[in-house]
Amino acid sequence: MAQMKKPRHFLTLLDLTKDELKAVIDRAIELKALLREGKPHEHFNNRVLGMIFEKSSTRTRVSFEAGMAQMGGHALFLSPRDTQLGRGEPIEDSARVLSRMVDLVMIRTFAHETVERFAAYSNVPVINALTDAHHPCQLLADIQTYVEHRGSLSGKTVAWVGDGNNMCQSYIHAAEQCDFELRMACPDGFAPDANLLENFKHRVVVCSTPEEAVRDTDLVVTDTWASMGQEDEKQAREKAFAGYQVDHELMSFAKPDALFMHCLPAYRGKEVSNELLEDPESVVWDEAENRLHAQKALMEFLDKHSR
Ligand code: CP
Ligand code: NVA
C-alpha cells in the first residue's frame with residue numbers, strides 16, 4: 001500500500017473545483033476512447049479498491065469493479081453482512097484498518113455522516129458511491145453524457161422533476177459547479193434540503209408544476225419516487241407523485257433537442273413512461289455506461305492528487 005499524506009476525498013461534487021471537475025470529465029472521455037481502442041491505461045497496477053455496500057447496486061458495483069480491473073487493479077466487495085461493520089465495529093476503526101490495506105475506498109450507505117466520519121479517519125481517498133443525501137458519482141456520468149451529446153452544460157437550463165432526493169441534491173451541486181440553472185418541480189413535502197436550496201438559490205428555480213419546470217429546458221431528469229430505504233413509503237409516494245411522470249407530453253414543453261436522463265433503475269409507468277425511456281432523446285444507456293469511464297477518471301484523479 002502506498003502511504004498517502006493527505007488524501008483527496010470525493011463525498012460531494014463540491015470536493016472538486018470547477019476546473020478539476022472539467023478535467024475529470026475530459027479524462028473520462030479520453031479513457032472511454034482508450035478502452036474502445038484497446039489501449040492500456042493501467043494506472044492502478046497491483047493496487048486495491050475497497051467497496052463497502054450497505055445498500056444494493058448494479059451499476060455502481062459493476063462500474064467500479066470493472067473499472068479497477070481495466071486499470072490493472074483489484075476491487076474488493078465488502079458487505080456489512082459479512083464484515084465486522086455489520087456487527088457494530090465503529091466506522092472510525094474500520095476506516096483506519098481498511099486504509100492501511102487498500103489504496104482507495106468506495107462507500108454506499110444511508111447517512112451522509114457515515115462517509116464523512118469514514119473519510120475523517122481514512123488515509124486513502126474515500127468516494128461517496130451514494131448516501132441518502134448525495135450521489136456525486138452519478139453526476140459525473142450525467143455531466144459526461146451531456147457533454148458528449150450536446151457540449152458544455154454552462155449556461156444551459158436543466159429540469160428536475162420528482163423527488164427532492166440524493167440525486168436532486170447532487171444536481172443542485174452540479175448547477176453550481178457547471179454553471180447551469182436548475183428548475184425543479186417536487187410535490188409538496190418532497191423538496192430537497194432547505195439549507196441546500198438557500199445556499200444555492202442563485203442556481204435553483206423552484207417551480208409549482210412539472211410543465212413549468214420543464215418549459216424550454218435543455219435536459220430533463222428524474223429518478224425513482226421511492227429511494228432505497230423508503231420501501232415502506234412506496235404506496236404513499238405513488239399517490240403523492242401522481243402527475244409527476246416524465247413522458248413525451250411533458251418532454252414536449254422542453255427545447256426540441258432536449259435530452260432525458262435517469263440514473264436507473266427506472267420504474268416504467270411510474271416516474272417515467274416506457275415510451276420515453278426507449279426513445280432516442282433518452283440517453284440513459286450512455287449515462288449508465290459513463291459511470292465506468294467517469295469513475296475511472298475520478299479514481300485516477302484522487303490517487304494522483306493524494307500523494
Ligand atoms: N444509478 C445507480 O447508482 O445504480 P445502482 O444502484 O445499480 O448502482
Ligand atoms: N435515489 C435512488 C438512486 C438509486 C441509484 C436511491 O437512493 O435509491
# chains A, B, ... in the order shown; residues from 1 in each chain; ligands from 1
>>> select_by_dssp(residues="segment 109-156 of chain A", states="alpha helix (DSSP H)", output="list in words")
His112, Glu113, Thr114, Val115, Glu116, Arg117, Phe118, Ala119, Ala120, Tyr121, Pro136, Cys137, Gln138, Leu139, Leu140, Ala141, Asp142, Ile143, Gln144, Thr145, Tyr146, Val147, Glu148, His149 and Arg150 of chain A
>>> write_last_selection(atoms="C-alpha atoms", output="PDB file, in the first residue's frame")
ATOM      1  CA  HIS A 112     -24.141  11.010   4.699  1.00  0.00           C
ATOM      2  CA  GLU A 113     -22.393  11.488   8.028  1.00  0.00           C
ATOM      3  CA  THR A 114     -21.106   7.899   7.763  1.00  0.00           C
ATOM      4  CA  VAL A 115     -18.956   8.693   4.714  1.00  0.00           C
ATOM      5  CA  GLU A 116     -17.764  11.900   6.381  1.00  0.00           C
ATOM      6  CA  ARG A 117     -16.701  10.014   9.513  1.00  0.00           C
ATOM      7  CA  PHE A 118     -15.022   7.321   7.449  1.00  0.00           C
ATOM      8  CA  ALA A 119     -13.150   9.924   5.402  1.00  0.00           C
ATOM      9  CA  ALA A 120     -12.011  11.767   8.518  1.00  0.00           C
ATOM     10  CA  TYR A 121     -10.197   8.625   9.698  1.00  0.00           C
ATOM     11  CA  PRO A 136     -21.995  12.574  -6.852  1.00  0.00           C
ATOM     12  CA  CYS A 137     -20.570   9.683  -8.934  1.00  0.00           C
ATOM     13  CA  GLN A 138     -23.807   9.574 -10.886  1.00  0.00           C
ATOM     14  CA  LEU A 139     -23.467  13.272 -11.596  1.00  0.00           C
ATOM     15  CA  LEU A 140     -20.026  12.720 -13.125  1.00  0.00           C
ATOM     16  CA  ALA A 141     -21.625  10.285 -15.560  1.00  0.00           C
ATOM     17  CA  ASP A 142     -24.562  12.610 -16.252  1.00  0.00           C
ATOM     18  CA  ILE A 143     -22.251  15.549 -16.965  1.00  0.00           C
ATOM     19  CA  GLN A 144     -20.063  13.417 -19.240  1.00  0.00           C
ATOM     20  CA  THR A 145     -23.132  12.199 -21.107  1.00  0.00           C
ATOM     21  CA  TYR A 146     -24.478  15.712 -21.665  1.00  0.00           C
ATOM     22  CA  VAL A 147     -21.058  16.935 -22.828  1.00  0.00           C
ATOM     23  CA  GLU A 148     -20.751  14.048 -25.282  1.00  0.00           C
ATOM     24  CA  HIS A 149     -24.192  14.617 -26.770  1.00  0.00           C
ATOM     25  CA  ARG A 150     -24.583  18.394 -26.618  1.00  0.00           C
TER      26      ARG A 150
END
>>> residues_near_ligand(ligand="ligand 1", cutoff="10 Å", atoms="only C-alpha atoms and all ligand atoms", output="ChimeraX atom specification")
/A:53,55-64,108,129-130,135-139,141,167,223,227-228,262-266,284,287-288,291
>>> closest_residue(among="A:Val246, A:Ala213, A:Cys186, A:Ala133", to="ligand 2", atoms="only C-alpha atoms and all ligand atoms")
A:Ala133
>>> select_by_dssp(residues="segment 130-280 of chain A", states="strand (DSSP E or B)", output="ChimeraX atom specification")
/A:157-161,181-185,204-206,219-222,246,259-262,268,272
>>> residues_around(residues="segment 26-36 of chain A", least_positions_apart="6", cutoff="6 Å", atoms="only C-alpha atoms", output="PyMOL selection string")
chain A and resi 293-294+297
>>> write_last_selection(atoms="N, CA and C atoms", output="PDB file, in the first residue's frame")
ATOM      1  N   HIS A 293     -16.513   5.014 -17.107  1.00  0.00           N
ATOM      2  CA  HIS A 293     -15.427   5.889 -17.557  1.00  0.00           C
ATOM      3  C   HIS A 293     -15.192   7.038 -16.571  1.00  0.00           C
ATOM      4  N   ALA A 294     -16.293   7.616 -16.088  1.00  0.00           N
ATOM      5  CA  ALA A 294     -16.169   8.782 -15.194  1.00  0.00           C
ATOM      6  C   ALA A 294     -15.507   8.384 -13.871  1.00  0.00           C
ATOM      7  N   ALA A 297     -11.785   7.889 -14.259  1.00  0.00           N
ATOM      8  CA  ALA A 297     -11.108   9.194 -14.266  1.00  0.00           C
ATOM      9  C   ALA A 297     -11.050   9.765 -12.848  1.00  0.00           C
TER      10      ALA A 297
END
>>> closest_residue(among="A:Gly164, A:Gly50, A:Gly38, A:Gly189", to="ligand 2", atoms="only C-alpha atoms and all ligand atoms")
A:Gly164
